[in-house]
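Chemist: Input file: run15.cif. Contents: mmCIF, C-alpha atoms.
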```cif
data_final
#
loop_
_atom_site.label_atom_id
_atom_site.label_comp_id
_atom_site.auth_asym_id
_atom_site.auth_seq_id
_atom_site.Cartn_x
_atom_site.Cartn_y
_atom_site.Cartn_z
CA MET A 1 69.51 194.76 79.03
CA SER A 2 66.83 196.76 77.20
CA THR A 3 66.56 196.92 73.39
CA GLU A 4 64.65 199.60 71.51
CA VAL A 5 62.18 198.71 68.71
CA ARG A 6 62.01 201.53 66.17
CA VAL A 7 60.09 202.28 62.96
CA PRO A 8 62.03 200.83 60.00
CA THR A 9 62.74 202.64 56.74
CA LEU A 10 59.36 202.95 55.00
CA GLY A 11 60.47 203.59 51.43
CA GLU A 12 61.23 206.48 49.15
CA SER A 13 59.26 209.68 49.93
CA VAL A 14 57.34 207.98 52.78
CA SER A 15 58.02 209.68 56.10
CA GLU A 16 55.31 208.42 58.44
CA ALA A 17 52.97 205.52 59.16
CA THR A 18 50.09 204.58 61.45
CA VAL A 19 50.38 201.85 64.07
CA ALA A 20 47.65 199.46 62.94
CA THR A 21 47.86 196.44 65.26
CA TRP A 22 49.96 195.21 68.15
CA PHE A 23 50.26 191.40 68.21
CA LYS A 24 52.06 191.39 71.56
CA GLN A 25 51.33 193.13 74.86
CA PRO A 26 53.65 194.25 77.70
CA GLY A 27 54.82 191.21 79.63
CA ASP A 28 54.58 188.86 76.64
CA THR A 29 57.61 186.75 75.76
CA VAL A 30 58.89 187.28 72.22
CA ALA A 31 61.34 185.39 70.00
CA VAL A 32 63.78 186.80 67.47
CA ASP A 33 61.96 187.87 64.25
CA GLU A 34 58.53 187.26 65.83
CA MET A 35 56.03 189.85 64.58
CA LEU A 36 55.40 192.57 67.13
CA CYS A 37 53.15 194.98 65.28
CA GLU A 38 51.90 196.10 61.88
CA LEU A 39 52.26 199.60 60.43
CA GLU A 40 50.15 201.08 57.65
CA THR A 41 51.77 203.52 55.23
CA ASP A 42 50.23 205.34 52.30
CA LYS A 43 50.52 202.29 50.04
CA VAL A 44 51.68 199.16 51.85
CA THR A 45 51.54 197.39 55.19
CA VAL A 46 54.86 197.01 57.02
CA GLU A 47 55.42 194.26 59.60
CA VAL A 48 57.83 195.02 62.45
CA PRO A 49 59.68 191.94 63.80
CA SER A 50 61.40 191.62 67.15
CA PRO A 51 65.16 192.26 66.86
CA VAL A 52 65.95 190.14 69.95
CA ALA A 53 64.46 187.46 72.20
CA GLY A 54 63.11 188.56 75.54
CA THR A 55 60.05 190.16 77.11
CA LEU A 56 58.09 193.12 75.74
CA SER A 57 58.49 195.52 78.63
CA GLU A 58 56.84 198.67 77.22
CA ILE A 59 54.75 199.84 74.27
CA VAL A 60 55.51 203.48 73.46
CA ALA A 61 53.37 203.98 70.32
CA ASN A 62 49.81 202.73 70.68
CA GLU A 63 47.41 201.55 67.96
CA GLY A 64 46.22 204.51 65.88
CA ASP A 65 49.28 206.66 66.64
CA THR A 66 51.12 208.29 63.75
CA VAL A 67 54.86 207.63 63.85
CA GLY A 68 57.81 208.81 61.78
CA VAL A 69 60.80 206.89 60.47
CA ASP A 70 63.05 205.68 63.33
CA ALA A 71 60.46 206.64 65.96
CA LEU A 72 60.48 204.53 69.15
CA LEU A 73 57.77 201.87 69.14
CA ALA A 74 58.58 199.70 72.16
CA GLN A 75 61.20 198.40 74.59
CA ILE A 76 62.24 194.75 74.94
CA SER A 77 64.07 193.34 77.97
CA GLU A 78 66.47 190.76 76.56
CA GLY A 79 66.42 187.34 78.17
CA ASP A 80 63.92 188.55 80.74
CA ALA A 81 61.16 186.02 80.12
CA LYS A 82 58.89 185.65 83.12
CA PRO A 83 59.09 182.19 84.81
CA ALA A 84 55.99 180.32 85.84
CA ALA A 85 54.57 181.42 89.21
CA LYS A 86 55.71 179.31 92.21
CA LYS A 87 53.80 178.64 95.39
CA ASP A 88 54.90 180.63 98.42
CA ASP A 89 57.03 178.38 100.66
CA SER A 90 55.61 179.96 103.78
CA ALA A 91 52.10 179.10 102.67
CA LYS A 92 53.24 175.55 101.95
CA GLU A 93 54.57 175.15 105.50
CA ASN A 94 51.17 176.13 106.92
CA GLU A 95 49.27 173.58 104.85
CA THR A 96 47.31 171.03 106.84
CA PRO A 97 47.35 167.39 105.76
CA ASP A 98 43.74 167.69 104.65
CA THR A 99 44.50 170.74 102.53
CA ALA A 100 47.49 169.12 100.89
CA GLU A 101 45.51 165.98 100.14
CA THR A 102 42.66 168.02 98.65
CA GLU A 103 45.04 169.96 96.39
CA LYS A 104 46.77 166.75 95.36
CA SER A 105 43.45 165.18 94.47
CA ALA A 106 42.36 168.22 92.48
CA SER A 107 45.61 168.35 90.54
CA SER A 108 45.55 164.67 89.62
CA GLU A 109 41.85 164.08 88.98
CA ASP A 110 39.84 167.27 88.51
CA VAL A 111 42.18 168.98 86.01
CA PRO A 112 41.63 167.55 82.51
CA THR A 113 44.68 166.27 80.68
CA ALA A 114 45.76 167.41 77.24
CA ALA A 115 44.37 164.22 75.76
CA ALA A 116 41.01 164.76 77.42
CA THR A 117 40.67 168.26 76.02
CA GLY A 118 41.76 167.18 72.56
CA ALA A 119 44.91 169.29 72.56
CA HIS A 120 47.45 168.42 69.95
CA PRO A 121 50.56 170.04 68.46
CA ASP A 122 50.20 172.36 65.47
CA PRO A 123 50.69 170.10 62.42
CA ARG A 124 52.18 173.04 60.52
CA GLY A 125 55.09 173.35 62.96
CA ASP A 126 56.52 176.86 63.18
CA VAL A 127 54.55 178.31 60.26
CA GLU A 128 53.64 181.92 61.06
CA ASP A 129 50.31 183.16 59.66
CA ALA A 130 50.20 186.64 58.12
CA PRO A 131 49.64 189.21 60.90
CA SER A 132 46.88 190.88 58.91
CA ALA A 133 45.16 187.48 58.67
CA LYS A 134 45.50 186.93 62.43
CA LYS A 135 43.96 190.33 63.08
CA MET A 136 41.00 189.68 60.80
CA MET A 137 40.44 186.20 62.31
CA ALA A 138 40.39 187.66 65.81
CA GLU A 139 37.96 190.41 64.79
CA ASN A 140 35.57 187.85 63.28
CA ASP A 141 35.88 185.12 65.96
CA LEU A 142 37.48 182.63 63.57
CA LYS A 143 39.60 179.77 64.89
CA GLU A 144 42.66 178.36 63.13
CA GLY A 145 40.71 175.39 61.78
CA ASP A 146 38.06 177.64 60.24
CA VAL A 147 40.45 178.99 57.59
CA GLN A 148 42.34 177.01 54.96
CA GLY A 149 45.78 178.55 54.35
CA THR A 150 47.03 178.85 50.78
CA GLY A 151 50.35 180.57 51.50
CA LYS A 152 53.75 178.95 51.70
CA ASP A 153 53.72 175.84 53.96
CA GLY A 154 50.01 176.39 54.64
CA ARG A 155 50.43 179.98 55.89
CA VAL A 156 47.07 181.69 56.30
CA MET A 157 46.90 184.88 54.22
CA LYS A 158 44.41 187.76 54.45
CA GLU A 159 42.72 186.54 51.26
CA ASP A 160 42.11 183.14 52.91
CA VAL A 161 40.26 184.82 55.78
CA LEU A 162 38.17 186.89 53.34
CA LYS A 163 37.25 183.70 51.49
CA ALA A 164 36.27 181.96 54.73
CA LEU A 165 34.11 184.92 55.74
CA SER A 166 32.46 184.92 52.30
CA THR A 167 31.65 181.22 52.63
CA LYS A 168 30.33 181.79 56.11
CA SER A 169 28.04 184.60 54.95
CA GLU A 170 26.57 182.30 52.29
CA ALA A 171 25.44 179.77 54.90
CA PRO A 172 21.63 179.32 55.13
CA ALA A 173 20.03 181.84 57.41
CA PRO A 174 18.09 180.52 60.42
CA ALA A 175 14.32 180.28 60.13
CA PRO A 176 12.76 183.66 60.81
CA ALA A 177 10.86 184.18 64.01
CA ALA A 178 7.15 184.81 64.01
CA LYS A 179 6.37 188.13 62.38
CA GLN A 180 5.39 191.00 64.60
CA ALA A 181 3.49 194.10 63.74
CA PRO A 182 5.81 196.59 61.99
CA ARG A 183 6.77 199.78 63.75
CA ALA A 184 8.50 202.93 62.64
CA PRO A 185 12.29 202.72 63.21
CA THR A 186 13.84 205.22 65.59
CA ALA A 187 17.17 206.97 65.28
CA ALA A 188 18.61 204.67 67.95
CA ASP A 189 17.52 201.62 65.95
CA GLN A 190 19.34 202.89 62.86
CA ALA A 191 22.51 203.65 64.84
CA ASP A 192 22.59 200.07 66.12
CA ARG A 193 22.52 198.83 62.54
CA GLU A 194 25.40 201.03 61.41
CA GLU A 195 29.09 200.35 61.66
CA ARG A 196 31.82 202.99 61.67
CA VAL A 197 35.27 201.87 60.58
CA LYS A 198 38.26 204.20 60.39
CA MET A 199 39.72 204.46 56.89
CA THR A 200 43.09 202.80 56.44
CA ARG A 201 46.00 204.96 55.33
CA LEU A 202 45.86 203.21 51.95
CA ARG A 203 42.18 204.11 51.48
CA GLN A 204 42.81 207.69 52.66
CA THR A 205 45.66 208.02 50.17
CA ILE A 206 43.56 206.61 47.33
CA ALA A 207 40.76 209.07 48.13
CA LYS A 208 43.15 212.03 48.33
CA ARG A 209 45.08 211.21 45.14
CA LEU A 210 41.95 210.64 43.07
CA LYS A 211 40.37 213.88 44.26
CA ASP A 212 43.63 215.77 43.69
CA SER A 213 43.71 214.35 40.17
CA GLN A 214 40.23 215.71 39.47
CA ASN A 215 41.03 219.08 41.00
CA THR A 216 44.39 219.53 39.24
CA ALA A 217 44.21 217.98 35.77
CA ALA A 218 41.93 219.16 32.98
CA MET A 219 40.70 215.60 32.60
CA LEU A 220 38.79 214.49 29.54
CA THR A 221 37.89 211.03 28.19
CA THR A 222 37.61 209.84 24.60
CA TYR A 223 36.13 206.50 23.56
CA ASN A 224 36.46 203.95 20.79
CA GLU A 225 35.74 200.28 20.28
CA VAL A 226 37.93 197.44 19.10
CA ASP A 227 37.10 194.17 17.35
CA MET A 228 38.95 191.52 19.37
CA THR A 229 38.64 188.77 16.73
CA ALA A 230 42.25 188.93 15.53
CA VAL A 231 43.75 188.95 19.03
CA MET A 232 41.51 186.10 20.20
CA ASP A 233 42.31 183.99 17.12
CA LEU A 234 46.05 184.61 17.49
CA ARG A 235 45.93 183.81 21.18
CA ASN A 236 43.99 180.58 20.65
CA GLU A 237 46.40 179.48 17.92
CA TYR A 238 49.59 179.97 19.92
CA LYS A 239 48.59 179.79 23.60
CA ASP A 240 49.66 176.15 24.09
CA LEU A 241 53.00 176.62 22.33
CA PHE A 242 53.54 179.91 24.19
CA LEU A 243 52.92 178.23 27.57
CA LYS A 244 55.17 175.30 26.71
CA LYS A 245 58.10 177.51 25.67
CA HIS A 246 57.83 180.40 28.14
CA GLY A 247 56.14 178.79 31.13
CA VAL A 248 53.49 181.50 31.34
CA LYS A 249 50.02 181.87 29.83
CA LEU A 250 49.44 184.21 26.90
CA GLY A 251 46.81 186.74 28.02
CA PHE A 252 45.23 189.85 26.59
CA MET A 253 47.25 192.27 28.75
CA SER A 254 50.48 191.75 26.81
CA PHE A 255 48.69 192.66 23.55
CA PHE A 256 47.27 195.84 25.09
CA THR A 257 50.61 196.74 26.67
CA LYS A 258 52.47 196.33 23.37
CA ALA A 259 49.77 198.26 21.50
CA CYS A 260 49.99 201.15 24.00
CA CYS A 261 53.80 201.25 23.83
CA HIS A 262 53.51 201.40 20.03
CA ALA A 263 50.97 204.26 20.19
CA LEU A 264 52.95 206.21 22.81
CA LYS A 265 55.90 206.47 20.42
CA GLU A 266 53.68 208.25 17.92
CA VAL A 267 51.92 210.45 20.48
CA PRO A 268 54.63 211.11 23.12
CA GLU A 269 52.64 213.77 24.99
CA VAL A 270 50.37 211.02 26.38
CA ASN A 271 53.53 209.56 27.97
CA ALA A 272 54.68 212.91 29.38
CA GLU A 273 53.93 214.93 32.52
CA ILE A 274 53.77 218.55 33.61
CA ASP A 275 56.37 219.81 36.09
CA GLY A 276 55.71 223.44 36.93
CA ASN A 277 55.98 225.36 33.67
CA GLU A 278 57.76 222.51 31.86
CA ILE A 279 56.64 219.40 30.01
CA VAL A 280 58.74 216.34 30.76
CA TYR A 281 58.76 213.89 27.86
CA LYS A 282 59.68 210.29 28.73
CA ASN A 283 61.85 208.41 26.25
CA PHE A 284 60.79 205.13 27.85
CA VAL A 285 57.57 203.47 28.98
CA ASN A 286 57.08 202.35 32.58
CA MET A 287 53.63 200.77 32.43
CA GLY A 288 51.38 200.85 35.48
CA ILE A 289 48.92 197.94 35.67
CA ALA A 290 46.04 198.80 38.03
CA ALA A 291 45.11 195.88 40.30
CA GLY A 292 42.27 195.54 42.79
CA THR A 293 43.15 193.94 46.14
CA PRO A 294 41.12 193.26 49.32
CA THR A 295 42.61 196.42 50.85
CA GLY A 296 42.18 198.74 47.87
CA LEU A 297 43.48 199.68 44.43
CA VAL A 298 47.22 199.52 43.81
CA VAL A 299 49.21 200.20 40.63
CA PRO A 300 52.40 198.14 40.33
CA VAL A 301 54.77 199.44 37.66
CA ILE A 302 56.60 197.38 35.03
CA ASN A 303 59.69 199.28 33.92
CA ASP A 304 60.83 199.58 30.30
CA THR A 305 57.89 197.67 28.84
CA ASP A 306 58.63 199.20 25.44
CA ALA A 307 61.77 197.04 25.29
CA MET A 308 60.14 193.82 26.52
CA SER A 309 58.80 190.80 24.62
CA PHE A 310 55.30 189.36 25.01
CA ALA A 311 56.65 186.64 27.31
CA GLU A 312 58.59 189.09 29.48
CA ILE A 313 55.51 191.29 29.85
CA GLU A 314 53.27 188.33 30.80
CA LYS A 315 55.79 187.11 33.39
CA ALA A 316 56.14 190.57 34.90
CA ILE A 317 52.36 191.05 35.09
CA ALA A 318 51.91 187.64 36.75
CA GLU A 319 54.64 188.37 39.29
CA MET A 320 53.33 191.83 40.16
CA GLY A 321 49.76 190.55 40.38
CA ALA A 322 50.73 187.86 42.88
CA LYS A 323 52.61 190.40 45.01
CA ALA A 324 49.63 192.76 44.92
CA ARG A 325 47.22 190.05 46.10
CA ASP A 326 49.56 189.04 48.94
CA GLY A 327 50.25 192.64 49.98
CA LYS A 328 53.98 192.25 49.29
CA LEU A 329 54.53 195.10 46.84
CA SER A 330 57.38 197.40 47.79
CA MET A 331 57.30 201.17 47.46
CA ALA A 332 59.78 201.05 44.59
CA GLU A 333 57.49 198.68 42.65
CA MET A 334 54.68 201.25 42.67
CA GLN A 335 56.65 204.33 41.66
CA GLY A 336 57.93 205.79 38.40
CA GLY A 337 55.02 204.89 36.12
CA THR A 338 54.56 206.95 32.92
CA PHE A 339 51.23 205.49 31.69
CA THR A 340 48.57 203.21 33.20
CA ILE A 341 46.21 200.48 31.98
CA SER A 342 43.10 199.65 34.03
CA ASN A 343 41.06 196.56 33.18
CA GLY A 344 37.55 196.99 34.54
CA GLY A 345 36.38 194.24 32.21
CA VAL A 346 37.45 191.56 34.69
CA TYR A 347 34.61 192.78 36.93
CA GLY A 348 32.08 192.97 34.07
CA SER A 349 32.30 196.70 33.34
CA LEU A 350 31.03 197.52 29.85
CA MET A 351 32.16 201.17 29.81
CA SER A 352 33.75 203.60 32.25
CA SER A 353 35.85 206.77 32.47
CA PRO A 354 39.07 205.94 34.35
CA ILE A 355 40.66 208.62 36.55
CA LEU A 356 44.24 209.72 35.89
CA ASN A 357 47.02 208.46 38.13
CA PRO A 358 48.96 211.72 38.75
CA PRO A 359 51.38 212.98 37.59
CA GLN A 360 50.70 210.83 34.52
CA SER A 361 48.83 212.37 31.59
CA GLY A 362 47.03 209.28 30.28
CA ILE A 363 45.27 206.09 31.38
CA LEU A 364 43.64 203.45 29.17
CA GLY A 365 40.47 201.74 30.36
CA MET A 366 39.77 198.20 29.11
CA HIS A 367 36.30 196.70 29.39
CA LYS A 368 34.26 193.56 28.98
CA ILE A 369 34.44 191.69 25.65
CA GLN A 370 30.87 191.32 24.42
CA ASP A 371 29.46 189.79 21.24
CA ARG A 372 27.63 192.51 19.29
CA PRO A 373 26.17 192.76 15.75
CA MET A 374 28.50 194.78 13.52
CA ALA A 375 28.09 195.97 9.91
CA ILE A 376 31.10 194.61 8.00
CA GLY A 377 31.31 194.64 4.19
CA GLY A 378 27.62 195.45 3.90
CA GLU A 379 26.62 192.50 6.09
CA VAL A 380 25.66 192.20 9.74
CA VAL A 381 27.99 189.81 11.59
CA ILE A 382 28.52 189.00 15.26
CA ARG A 383 31.93 190.09 16.56
CA PRO A 384 33.58 190.14 20.02
CA MET A 385 33.78 193.86 20.74
CA MET A 386 35.37 195.87 23.54
CA TYR A 387 34.91 199.53 24.38
CA LEU A 388 38.17 201.43 25.02
CA ALA A 389 38.42 204.65 27.03
CA LEU A 390 41.38 207.01 27.19
CA SER A 391 41.31 209.59 29.96
CA TYR A 392 43.92 212.31 29.44
CA ASP A 393 45.10 215.63 30.81
CA HIS A 394 43.87 218.24 28.33
CA ARG A 395 46.50 220.71 29.60
CA ILE A 396 49.17 218.75 27.77
CA VAL A 397 47.30 216.41 25.38
CA ASP A 398 45.10 217.91 22.65
CA GLY A 399 42.01 216.16 21.37
CA LYS A 400 43.75 215.22 18.12
CA GLY A 401 46.59 213.51 19.99
CA ALA A 402 44.21 211.62 22.26
CA VAL A 403 42.06 210.36 19.40
CA THR A 404 45.15 209.43 17.36
CA PHE A 405 46.54 207.44 20.29
CA LEU A 406 43.32 205.49 20.75
CA VAL A 407 42.98 204.82 17.01
CA ARG A 408 46.55 203.45 16.90
CA VAL A 409 45.78 201.12 19.81
CA LYS A 410 42.62 199.96 18.01
CA GLU A 411 44.50 199.36 14.74
CA ALA A 412 47.27 197.38 16.44
CA LEU A 413 44.77 195.12 18.21
CA GLU A 414 42.60 194.52 15.16
CA ASP A 415 45.69 193.66 13.09
CA PRO A 416 48.54 192.57 15.44
CA ARG A 417 50.88 192.24 12.45
CA ARG A 418 51.19 196.05 12.53
CA LEU A 419 53.20 195.68 15.77
CA LEU A 420 55.80 193.58 13.93
CA MET A 421 55.97 196.02 11.04
CA ASP A 422 56.06 199.11 13.32
CA LEU A 423 53.04 200.58 11.50
#
```
For the structure just supplied, provide its representation as structure tokens.

Modeler:
Amino acid sequence: MSTEVRVPTLGESVSEATVATWFKQPGDTVAVDEMLCELETDKVTVEVPSPVAGTLSEIVANEGDTVGVDALLAQISEGDAKPAAKKDDSAKENETPDTAETEKSASSEDVPTAAATGAHPDPRGDVEDAPSAKKMMAENDLKEGDVQGTGKDGRVMKEDVLKALSTKSEAPAPAPAAKQAPRAPTAADQADREERVKMTRLRQTIAKRLKDSQNTAAMLTTYNEVDMTAVMDLRNEYKDLFLKKHGVKLGFMSFFTKACCHALKEVPEVNAEIDGNEIVYKNFVNMGIAAGTPTGLVVPVINDTDAMSFAEIEKAIAEMGAKARDGKLSMAEMQGGTFTISNGGVYGSLMSSPILNPPQSGILGMHKIQDRPMAIGGEVVIRPMMYLALSYDHRIVDGKGAVTFLVRVKEALEDPRRLLMDL
């Protein structure tokens, strides 16, 4: 009996994917739910498991092919696992005593045993490593023991492979050979030193959306700076009590999220979008939190942040961040955002102009906190300062509205009590 393997539902508004990697080949035996292949969509990677146990009889869609929802990927012959090859009986009848004795000797003495070769069962049992991690390990000639898994039950994740490769690259380089007289490089020499890698669908989508944003929106950026003293003092005073009661750390992102929600109520056009000849105002805030991952930038969305507490926001950010790092975000979790916050400060950025995440009309850029001399009350004092950047669509947001929004964010952060008083 033959069973078809088809492309699963890919998510809302996603109609096609690219076959990234096949983990099985025709003739291979497969178990139920064993990973057969990996598909790349515009935003996430989708793993396709085997629906039945049997033998992979045919691969219809090859690596690199573009496939639609419910397209045929492969055929599996149920219960058709290939048995081990047996010796031809006719050949056995023609064996001479010397031949049989030679084969017997070879099988009992010349073939190393499992103990001699150091073979041993996998101590992790049936733990299945992430397919993307397996692919990267194979591409970089890494064995199972070369990578320490940090996933559930020791499962090796893609991030574990990246860490192992980073450690490997930091190993001391071998002593250089004796120097030879320099010569001018040729075109062939340069080609040998280059590497061409096809862009993933995620990277292609990022490139297209960012360029579309620049081509469509009348994008402008306004800047300000905020004194982080009050937020840092408040956080240091209550962080231990906050962790004890809520089970999550009190970070800076919840302060910025609350401050933005507060400012968006006063300047609603920053939380709106253009749809044809209409402006759609949102009476809620679905906050996008930009996150960098090994495969590219993703923006998970936290719904109704304007109605959430500090603890609820911190828990949601921690949960979404973990999913982003593990590549487990669903399509639904990256859709419906009305405003975005991007924190380039975690990478050391002092100032930048973030690009809009269409169809949104505003994005706030956070940056590195840096001690700087400030004139306060006629005296020069050292304060922890951060530059803020608001990029906005000038088609819908005027300069006054953009500056007002950024000033309200600044005021709320420099005096967090304003959030309680709705000022």

Chemist: Which residue is closest to A:Asn224? Choose from A:Arg417, A:His367, A:Lys239, A:Arg395 and count only C-alpha atoms.

Modeler: A:His367

Chemist: Take the PyMOL selection byres ((chain A and resi 338-354) around 6), apply it to the structure above, and return the hits as a PyMOL selection string.

Modeler: chain A and resi 271+286-290+337+355+360+362-368

Chemist: Output C-alpha atoms for every residue in that selection, as a short mmCIF file (atom, residue, chain, number, x, y, z; two decimals), keeping the file's coordinate frame.

Modeler:
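This went into result_17.cif:
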```
data_model
loop_
_atom_site.label_atom_id
_atom_site.label_comp_id
_atom_site.auth_asym_id
_atom_site.auth_seq_id
_atom_site.Cartn_x
_atom_site.Cartn_y
_atom_site.Cartn_z
CA ASN A 271 53.53 209.56 27.97
CA ASN A 286 57.08 202.35 32.58
CA MET A 287 53.63 200.77 32.43
CA GLY A 288 51.38 200.85 35.48
CA ILE A 289 48.92 197.94 35.67
CA ALA A 290 46.04 198.80 38.03
CA GLY A 337 55.02 204.89 36.12
CA ILE A 355 40.66 208.62 36.55
CA GLN A 360 50.70 210.83 34.52
CA GLY A 362 47.03 209.28 30.28
CA ILE A 363 45.27 206.09 31.38
CA LEU A 364 43.64 203.45 29.17
CA GLY A 365 40.47 201.74 30.36
CA MET A 366 39.77 198.20 29.11
CA HIS A 367 36.30 196.70 29.39
CA LYS A 368 34.26 193.56 28.98
#
```

Chemist: Between A:Val46, A:Val19, A:Met421, A:Met1, which one has atoms that come closest to A:Glu78, using all atoms listed in the file?

Modeler: A:Met1

Chemist: I'd like the neighbourhood of stretch 28-31 of chain A as a ChimeraX atom specification, where a residue qualifies if any of its atoms comes within 7 Å (using only C-alpha atoms), though same-chain residues fewer than 4 positions away should be ignored.

Modeler: /A:24,50,52-56,81

Chemist: Neighbours of stretch 401-416 of chain A within 6 Å (only C-alpha atoms; same-chain residues fewer than 2 positions away dropped), as a list in words?

Modeler: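 The residues that qualify are Val226, Asp227, Ala230, Ala259, Cys260, Ala263, Asp398, Gly399, Arg418 and Leu419 of chain A.
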
Chemist: Report, in Å with one decimal, the straight-line distance from atom CA of A:Asp212 to atom CA of A:Leu356.

Modeler: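 These two atoms are separated by 9.9 Å.
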
Chemist: May I have the centre and edge lengths, in Å to one decimal, of an axis-aligned box around the listed atoms of stretch 400-405 of chain A with 8 Å added to every side, as JSON?

Modeler:
```
{"center_x": 44.3, "center_y": 211.3, "center_z": 19.8, "size_x": 20.5, "size_y": 23.8, "size_z": 20.9}
```

Chemist: Any idea what the distance is between atom CA of A:Ala164 and atom CA of A:Gly149?

Modeler: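 Between atom CA of A:Ala164 and atom CA of A:Gly149 the gap is 10.1 Å.
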